[in-house]
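Structure file structure-v9.txt (compact mmCIF, C-alpha atoms) is printed below.
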```
# COMPACT_ATOMS: atom_id res chain seq x y z
CA MET X 1 -37.83 18.39 44.91
CA LYS X 2 -40.70 20.30 46.52
CA LEU X 3 -41.71 23.63 45.00
CA CYS X 4 -43.60 26.54 46.50
CA PHE X 5 -43.84 30.27 45.90
CA SER X 6 -43.98 33.36 48.05
CA THR X 7 -47.00 35.59 47.65
CA LEU X 8 -44.55 38.47 47.15
CA ALA X 9 -44.61 37.23 43.54
CA CYS X 10 -48.34 37.91 43.14
CA PRO X 11 -49.37 40.87 45.31
CA ALA X 12 -52.49 41.66 43.28
CA TRP X 13 -53.89 38.12 43.39
CA SER X 14 -56.75 37.19 45.68
CA LEU X 15 -56.44 34.21 48.00
CA GLN X 16 -58.40 32.08 45.55
CA GLU X 17 -56.19 33.17 42.66
CA ILE X 18 -53.10 32.26 44.70
CA ILE X 19 -54.46 28.77 45.36
CA ASP X 20 -55.57 28.29 41.76
CA GLY X 21 -52.22 29.58 40.45
CA ALA X 22 -50.29 27.07 42.52
CA VAL X 23 -52.43 24.15 41.38
CA ALA X 24 -52.36 25.19 37.71
CA SER X 25 -48.54 25.40 37.77
CA GLY X 26 -48.05 22.06 39.50
CA ILE X 27 -46.58 23.72 42.59
CA GLY X 28 -47.18 22.06 45.93
CA GLY X 29 -46.93 24.87 48.46
CA ILE X 30 -47.56 28.53 49.24
CA ASP X 31 -45.36 30.70 51.45
CA PHE X 32 -47.59 33.52 52.59
CA ARG X 33 -46.08 37.00 52.71
CA GLY X 34 -49.19 39.11 52.47
CA VAL X 35 -52.37 38.92 50.42
CA GLY X 36 -53.57 42.05 48.65
CA GLU X 37 -52.96 45.16 50.71
CA GLU X 38 -52.35 43.27 53.98
CA ILE X 39 -48.76 42.12 54.53
CA ASP X 40 -49.52 40.29 57.81
CA ILE X 41 -51.95 37.50 57.01
CA THR X 42 -52.63 36.84 60.71
CA LYS X 43 -54.59 40.11 60.69
CA MET X 44 -56.89 38.93 57.88
CA PRO X 45 -60.32 37.35 58.50
CA ALA X 46 -59.29 34.49 56.20
CA PHE X 47 -56.62 33.47 58.72
CA ASN X 48 -58.59 34.36 61.88
CA GLU X 49 -62.30 33.64 62.22
CA GLN X 50 -62.29 31.95 58.78
CA ARG X 51 -59.00 30.15 59.41
CA THR X 52 -60.37 26.60 59.53
CA MET X 53 -62.21 27.06 56.24
CA THR X 54 -59.18 28.67 54.58
CA ILE X 55 -56.78 25.93 55.64
CA SER X 56 -59.25 23.27 54.55
CA SER X 57 -59.58 24.87 51.11
CA ILE X 58 -55.78 24.89 50.76
CA ARG X 59 -55.43 21.26 51.84
CA GLU X 60 -58.30 20.09 49.64
CA ARG X 61 -56.32 21.29 46.62
CA GLY X 62 -53.31 19.24 47.74
CA LEU X 63 -51.29 22.26 48.86
CA GLU X 64 -49.11 22.88 51.92
CA MET X 65 -47.92 26.01 53.75
CA PRO X 66 -44.21 25.28 54.29
CA CYS X 67 -43.08 28.60 55.80
CA LEU X 68 -44.84 31.71 57.13
CA ASN X 69 -42.83 34.79 56.22
CA THR X 70 -42.98 37.26 59.09
CA SER X 71 -41.68 40.82 59.37
CA ILE X 72 -39.83 40.11 62.63
CA VAL X 73 -36.39 41.76 62.87
CA LEU X 74 -34.04 40.52 65.60
CA VAL X 75 -31.97 43.71 65.85
CA THR X 76 -34.82 45.76 67.33
CA PRO X 77 -33.52 47.84 70.26
CA ALA X 78 -36.78 49.61 71.23
CA PRO X 79 -38.60 47.43 73.82
CA GLU X 80 -42.09 48.51 72.72
CA ARG X 81 -41.26 47.74 69.08
CA TRP X 82 -39.83 44.36 70.04
CA GLN X 83 -42.98 43.54 72.02
CA MET X 84 -44.98 44.07 68.83
CA MET X 85 -42.73 41.54 67.12
CA LEU X 86 -43.18 39.04 69.94
CA ASP X 87 -46.92 39.43 69.47
CA GLU X 88 -46.47 38.87 65.74
CA CYS X 89 -44.50 35.70 66.46
CA GLN X 90 -47.23 34.46 68.79
CA ARG X 91 -49.91 34.98 66.13
CA HIS X 92 -47.88 33.26 63.45
CA ALA X 93 -46.94 30.36 65.72
CA GLU X 94 -50.62 29.77 66.49
CA LEU X 95 -51.40 29.78 62.77
CA ALA X 96 -48.44 27.48 62.12
CA LYS X 97 -49.89 24.85 64.43
CA LYS X 98 -53.30 25.01 62.75
CA SER X 99 -51.81 24.90 59.25
CA GLU X 100 -49.09 22.33 60.07
CA THR X 101 -46.43 24.85 59.04
CA LYS X 102 -42.95 24.03 60.32
CA PHE X 103 -41.17 27.34 59.87
CA LEU X 104 -41.44 31.05 60.59
CA ARG X 105 -39.04 33.25 58.61
CA VAL X 106 -37.37 36.10 60.55
CA PHE X 107 -34.73 38.70 59.67
CA GLY X 108 -31.55 39.60 61.48
CA GLY X 109 -31.81 43.22 60.39
CA GLY X 110 -29.23 45.94 60.04
CA VAL X 111 -26.80 47.03 62.73
CA PRO X 112 -27.94 50.54 63.77
CA LYS X 113 -25.56 53.48 63.99
CA GLY X 114 -24.16 53.76 67.48
CA MET X 115 -24.40 49.99 68.10
CA SER X 116 -21.43 47.69 67.67
CA ARG X 117 -21.76 44.41 65.81
CA ASP X 118 -21.10 42.51 69.05
CA GLU X 119 -23.92 44.38 70.74
CA ALA X 120 -26.23 43.65 67.80
CA ARG X 121 -25.28 39.99 67.90
CA ALA X 122 -25.96 39.69 71.64
CA LEU X 123 -29.32 41.45 71.26
CA SER X 124 -30.27 39.22 68.33
CA GLN X 125 -29.39 36.02 70.15
CA ARG X 126 -31.38 37.11 73.20
CA HIS X 127 -34.37 37.91 71.01
CA LEU X 128 -33.98 34.67 69.06
CA ARG X 129 -34.17 32.71 72.31
CA GLN X 130 -37.48 34.40 73.05
CA LEU X 131 -38.81 33.39 69.63
CA VAL X 132 -37.72 29.79 70.18
CA LYS X 133 -39.67 29.71 73.45
CA ILE X 134 -42.78 31.00 71.71
CA CYS X 135 -42.49 28.62 68.76
CA HIS X 136 -41.68 25.39 70.59
CA PRO X 137 -45.14 24.66 72.06
CA PHE X 138 -46.67 25.13 68.61
CA GLY X 139 -44.30 22.71 66.87
CA CYS X 140 -42.55 25.25 64.66
CA GLN X 141 -39.17 26.96 64.61
CA PRO X 142 -37.80 30.34 63.50
CA LEU X 143 -35.63 30.47 60.37
CA LEU X 144 -33.08 33.25 60.02
CA GLU X 145 -32.98 34.46 56.42
CA THR X 146 -29.64 35.29 54.79
CA HIS X 147 -30.38 39.00 54.55
CA ASP X 148 -29.34 42.47 55.69
CA ASP X 149 -26.15 42.48 57.81
CA TRP X 150 -26.39 38.70 58.33
CA SER X 151 -26.19 37.36 54.78
CA THR X 152 -23.06 35.27 54.38
CA SER X 153 -22.59 31.92 56.10
CA SER X 154 -20.12 33.34 58.62
CA GLU X 155 -22.46 36.24 59.44
CA VAL X 156 -25.42 33.89 59.87
CA LEU X 157 -23.41 31.56 62.10
CA GLU X 158 -22.59 34.49 64.37
CA LEU X 159 -26.24 34.44 65.41
CA VAL X 160 -27.23 30.77 65.23
CA HIS X 161 -24.12 28.76 66.21
CA GLU X 162 -25.15 28.51 69.87
CA PHE X 163 -28.56 27.05 68.99
CA ASP X 164 -29.47 23.47 68.26
CA PRO X 165 -30.59 23.02 64.61
CA ASN X 166 -33.88 21.68 65.97
CA GLU X 167 -34.47 25.06 67.64
CA VAL X 168 -33.34 27.49 64.95
CA GLY X 169 -32.77 27.02 61.24
CA VAL X 170 -31.60 29.09 58.30
CA LEU X 171 -33.43 30.17 55.16
CA TRP X 172 -30.99 30.59 52.26
CA ASP X 173 -32.02 33.45 50.02
CA ILE X 174 -29.66 32.82 47.10
CA GLU X 175 -29.38 36.49 46.12
CA HIS X 176 -27.99 38.18 49.23
CA PRO X 177 -24.88 36.09 50.07
CA TYR X 178 -23.91 36.04 46.39
CA ARG X 179 -24.20 39.83 46.14
CA LYS X 180 -21.82 40.02 49.12
CA GLY X 181 -19.23 37.96 47.25
CA GLU X 182 -19.88 34.47 48.66
CA SER X 183 -20.30 31.53 46.29
CA PRO X 184 -23.27 29.16 46.69
CA ALA X 185 -20.89 26.34 47.65
CA GLU X 186 -19.34 28.46 50.42
CA THR X 187 -22.77 29.51 51.72
CA VAL X 188 -24.27 26.04 51.86
CA THR X 189 -21.12 24.31 53.13
CA GLY X 190 -20.86 26.80 55.95
CA MET X 191 -24.41 26.54 57.22
CA LYS X 192 -25.69 23.18 55.96
CA ARG X 193 -26.47 21.91 59.50
CA TYR X 194 -29.05 24.68 59.79
CA LEU X 195 -30.38 24.82 56.21
CA ARG X 196 -34.15 24.30 56.21
CA HIS X 197 -35.65 26.37 53.39
CA VAL X 198 -34.47 28.11 50.19
CA HIS X 199 -35.64 31.22 48.32
CA PHE X 200 -34.88 31.14 44.59
CA LYS X 201 -35.03 34.22 42.38
CA ASP X 202 -33.06 35.87 39.62
CA SER X 203 -32.03 39.48 39.11
CA ILE X 204 -29.55 41.86 37.61
CA ARG X 205 -27.71 44.60 39.47
CA ASP X 206 -28.39 48.11 38.15
CA ASN X 207 -27.34 51.34 39.88
CA GLY X 208 -27.07 49.60 43.23
CA LYS X 209 -30.48 47.95 42.97
CA ASN X 210 -31.49 44.35 42.32
CA ILE X 211 -33.90 44.21 39.37
CA PRO X 212 -36.04 41.02 39.43
CA LYS X 213 -36.01 38.81 36.34
CA LEU X 214 -37.38 35.45 35.29
CA LEU X 215 -35.17 32.54 36.34
CA GLY X 216 -32.27 32.24 33.91
CA GLU X 217 -32.59 35.81 32.66
CA GLY X 218 -30.57 37.45 35.44
CA ASP X 219 -26.99 36.97 36.61
CA LEU X 220 -27.48 34.86 39.74
CA PRO X 221 -25.68 31.47 39.55
CA ILE X 222 -28.80 29.33 39.62
CA PRO X 223 -27.25 26.16 38.10
CA GLU X 224 -24.54 26.28 40.77
CA CYS X 225 -27.18 26.72 43.49
CA VAL X 226 -29.06 23.66 42.23
CA HIS X 227 -25.83 21.67 42.04
CA VAL X 228 -24.73 22.43 45.59
CA LEU X 229 -28.17 21.64 47.01
CA LYS X 230 -28.11 18.25 45.32
CA GLU X 231 -24.54 17.69 46.52
CA VAL X 232 -25.51 18.12 50.19
CA GLY X 233 -28.69 16.07 49.80
CA TYR X 234 -31.10 18.92 50.43
CA ASP X 235 -34.66 17.58 50.45
CA GLY X 236 -36.61 20.62 51.67
CA TRP X 237 -38.74 23.14 49.80
CA ILE X 238 -37.50 25.48 47.08
CA CYS X 239 -39.52 28.69 47.04
CA LEU X 240 -39.84 31.26 44.27
CA GLU X 241 -39.49 34.73 45.76
CA THR X 242 -39.84 37.17 42.89
CA GLU X 243 -40.43 40.40 44.78
CA LYS X 244 -43.23 41.85 42.66
CA ARG X 245 -44.76 43.49 45.74
CA TRP X 246 -41.68 45.69 46.14
CA ALA X 247 -40.69 46.04 42.47
CA SER X 248 -43.38 46.85 39.91
CA GLU X 249 -40.96 46.08 37.08
CA ALA X 250 -40.71 42.43 38.18
CA PRO X 251 -42.29 39.79 35.93
CA GLU X 252 -46.02 39.27 36.20
CA PRO X 253 -47.05 36.23 38.28
CA GLU X 254 -48.97 34.73 35.37
CA GLU X 255 -45.56 34.29 33.75
CA SER X 256 -43.09 33.98 36.64
CA ILE X 257 -44.85 31.25 38.63
CA PRO X 258 -45.36 28.64 35.87
CA GLN X 259 -41.93 29.51 34.45
CA PHE X 260 -40.39 28.78 37.87
CA ALA X 261 -42.03 25.36 38.00
CA GLN X 262 -40.89 24.45 34.50
CA PHE X 263 -37.38 25.85 34.98
CA MET X 264 -36.75 24.07 38.28
CA LYS X 265 -38.05 20.73 37.09
CA ARG X 266 -35.62 20.89 34.16
CA ALA X 267 -32.73 22.17 36.28
CA TRP X 268 -33.17 19.59 39.03
```
Could you show the structure in this file as structure tokens?
Amino acid sequence: MKLCFSTLACPAWSLQEIIDGAVASGIGGIDFRGVGEEIDITKMPAFNEQRTMTISSIRERGLEMPCLNTSIVLVTPAPERWQMMLDECQRHAELAKKSETKFLRVFGGGVPKGMSRDEARALSQRHLRQLVKICHPFGCQPLLETHDDWSTSSEVLELVHEFDPNEVGVLWDIEHPYRKGESPAETVTGMKRYLRHVHFKDSIRDNGKNIPKLLGEGDLPIPECVHVLKEVGYDGWICLETEKRWASEAPEPEESIPQFAQFMKRAW
């Protein structure tokens, strides 16, 4: 079992605090989704002109960068907006090569009003092919997260079934398919050929909103998620994604990150 955490869990931490927090908790990787006020790390000096030094400092502490979490949304009809996302993919793919990162997380997005699901699917697949072409020379691949209008295994397969698993993979966020009524076993069985990365979290549902909790203190079926991953022989990374950046009421990283490491080692 390989553990990492998303920097969504620690939005107020500096880069050095993120690195130190991972090492102190016995966690082997960091999935970057912003540092401080900047959500796109490819726009930060630390991952541009200081990139070599930053990556070296991460590696020297025995850490890896398993997946770069982008803001790319496949269902983006406006050409100028989509071009911005292609540029974002290019920047992240270049960083992926330098940091030996295998995966770039992308979203399917919501189906806009006035667009049919078939139209959204066709647009998404066309856009996904463009991302694959950008990623391939840099040795990485896009991962579609189970999110938005593409959360369950059948919804995800609508977009990825025409792709080879070496071109496109899936990131299983355990919260979203479950909230749509799909069991962990159904999710993983349906898309196991494409499963490359997993986001773990816990939450409770309150007034239509997911409220982040420490693992084991919410109502997500975490033991079942662990069981099904072991059943299919999953050997990739498990990433804590407590969304502190978006939810101030979420647990503080000083508690959630070490608790994640301890919880998962016991559960696995």
- Item | Distance query His127 of chain X at most 9 Å, only C-alpha atoms, self and fewer than 6 positions along chain excluded, as a list in words |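 The neighbour list is Leu74, Val75, Thr76, Trp82 and Leu86 of chain X.
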- Message: Can you measure atom CA of Glu145 of chain X to atom CA of Arg129 of chain X for me? One decimal in Å is fine.
- Response: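 For atom CA of Glu145 of chain X relative to atom CA of Arg129 of chain X, the distance reads 16.0 Å.
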- Item | Nearest-residue call for Leu229 of chain X, choices X:Met1, X:Met65, X:Val156, X:Ile55, using only C-alpha atoms |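 Result for the nearest residue to Leu229 of chain X: X:Met1.
For the pair atom CA of Ile30 of chain X and atom CA of Leu240 of chain X, the interatomic distance is 9.6 Å.
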- Message: What's the separation between atom CA of Glu155 of chain X and atom CA of Lys201 of chain X, in Å to one decimal place?
- Response: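 Spanning atom CA of Glu155 of chain X to atom CA of Lys201 of chain X is a straight-line distance of 21.3 Å.
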- Query: Quick one: of X:Leu128, X:Ile257, X:Ala120, X:Val111, who's nearest to Glu162 of chain X, counting all atoms listed in the file?
  - Reply: X:Leu128
